[in-house]
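Engineer: Structure in structure tokens, see below.
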Amino acid sequence: MKKNIRIMIITVAAVIILVAMLLILMNLPSSDGGGASSTASSTSISLNTKTADDVSKVEVKNNSDSYTVEMKSEDSYSVEGLDGFDLNKTSISALKSDSAGVAATQLVKEQAEDLSIYGLDSPKAEATITYKDGETLSLAVGNEAAGDAGTYVTVNGESRVYLFNSAKVDTFAYPLLEYVSKEITPSQEEAVAAANGGEVSSSSDGQTQTPQFAKMTLSGTVREEPIVVEPAEAISGISQFNITSPKEKAADYTKISEYVGAVYGLTADEVVAVNPTDADLESFGLKEPYSKIVADFDVGTVTLLASSPDAAGNVYVMNGDRTNVVYRIEAETLTWLSATYTDLASKLLFTPNIKDVKTMTVTTPDKTYVFNLTSVVDEDNENSFTTTITYEGKELDEEIFKDYYQNMISVSTDEETTEQPTGDPIFSVKYEYADTSRTPDVVEFYDAGSRRVFIVFNGKCDSLTVSTYVDKMVQDSEKVVNGEEITAVI
């Protein structure tokens, strides 16, 4: 009997202990700042019904900075400490939104005796919102609750603790630099409008104008010498740019177009500094920039300075017109960042348009072929034309000859060289033009050994290609006069 009574007492005591522990756990905050107590309300609690347009100013103090954002009018703002800087209107709009229609999702504690449980003894952010009618509201932002339940907040210095949707208080933790515009360069349309007094078109037909490229210079410590690229006369449909320094050569049209297009409409991931000192520039790698681009257009010049990429693939950038702001952006966005002369030079040596050629003289080790060409442009379509080709008085098949011609101008420069050829050429092509004011162009090939040949263009040699190209063109020169099918080089 005594044994049974003892077991019953022990059982009752265990139940009491378990119930007590359960009650304690239900009222304990989570490990990162607390959980809602048993007194919490799940109904949204409106603290005011103000709109974004009612907001007059917001005074912010957080772990990064202290500042005041003032809403002067619907689209006019000022941020303390950022006078003279272009402002990030998206961030200001978000701040206005968070300052309007303030509401909690839950009441966590009516009277919190220990605010440190919620991270509110030393808030990560405090905001005092002043509305146009003179009313104010102060918020203190603490820790985030477990399970993405929200963020703990107190209002007007009271000890009542609320849960807020975290997205409705995040702007109060923004550092000051979040309110500097992240626009590194304007869009093409903005650049045109700035040059035309606000108009996006300067043409009589009203068509939207686009910036016309005039010149691009790439420099910086990544390059031994500056690289200069300029538009070229459109003598072919393949390249319309020339490298003019450090050596003259046709430029890769696709790459240059990409680089030129990449200087407008750049947006940073982050603004990291304003009014940088020399020490700041040194730390960001911008005192002596790793890379620099100066792109001239008819509507103005874009100058960008960039550091070398860091381990995370980011670079620091400054706009040459606004060197008082340092931005961070992903390196891959700046396609021109590490471009070299070799990267920019066209692999195609020379691409004259067939309709401009009057005579093409091909010399092989055994024979010389003189092809006479006459091109007639279609009266109804200037981009369409027919070409008549004769060799020793015989008219050749136009399509076969055009395949041959395409192969002829498809020679690619496989590698650069400083060596110079000796002896006589093993193959050469001379182009003479219908426009007699245009100087003939001559391409010659010399044996370089190891199945390589030197390429000499108008007396200058700086590249090599494979000898199989020459072998094929020698064979095709005889095929074309015999009307035999020509296969592509590539």
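Chains: A, B, ... in order of the structure tokens. Residues: from 1 per chain. Ligands: from 1, in order shown.
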Among range 340-444 of chain A, which ones does DSSP place in alpha helix (DSSP H), written as a list in words?
Structural biologist: Tyr341, Thr342, Asp343, Leu344, Glu398, Glu399, Ile400, Phe401, Lys402, Asp403, Tyr404, Tyr405, Gln406, Asn407 and Met408 of chain A
Engineer: Fewer than 4 positions away in the same chain doesn't count, so skip those; otherwise give me all residues within 8 Å of Asp403 in chain A, counting only C-alpha atoms, as a list in words.
Structural biologist: Glu399, Asn407, Ile486, Thr487 and Ala488 of chain A
Engineer: Just C-alpha atoms for this one: save the residues we selected as an mmCIF file, in the first residue's frame.
Structural biologist:
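out03.cif was written with the following content:
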data_model
loop_
_atom_site.group_PDB
_atom_site.id
_atom_site.type_symbol
_atom_site.label_atom_id
_atom_site.label_comp_id
_atom_site.auth_asym_id
_atom_site.auth_seq_id
_atom_site.Cartn_x
_atom_site.Cartn_y
_atom_site.Cartn_z
ATOM 1 C CA GLU A 399 28.570 31.756 -108.045
ATOM 2 C CA ASN A 407 37.808 31.934 -99.512
ATOM 3 C CA ILE A 486 34.908 25.362 -104.789
ATOM 4 C CA THR A 487 34.578 24.205 -101.192
ATOM 5 C CA ALA A 488 34.718 26.614 -98.240
#
Engineer: Would you list the contacts of Ser73 in chain A as a list in words, taking every protein, DNA or RNA residue within 9 Å and counting only C-alpha atoms, but skipping same-chain residues closer than 3 positions in sequence?
Structural biologist: Asp53, Ser56, Ser76 and Tyr77 of chain A
Engineer: To one decimal place, how far is CA of Lys215 in chain A from CA of Asp296 in chain A in Å?
Structural biologist: 5.1 Å
Engineer: So which one's closest to Thr368 in chain A, A:Ser97, A:Phe385, A:Thr340, A:Ser428? Using only C-alpha atoms, please.
Structural biologist: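 Under the stated criterion, the closest residue is A:Ser428.
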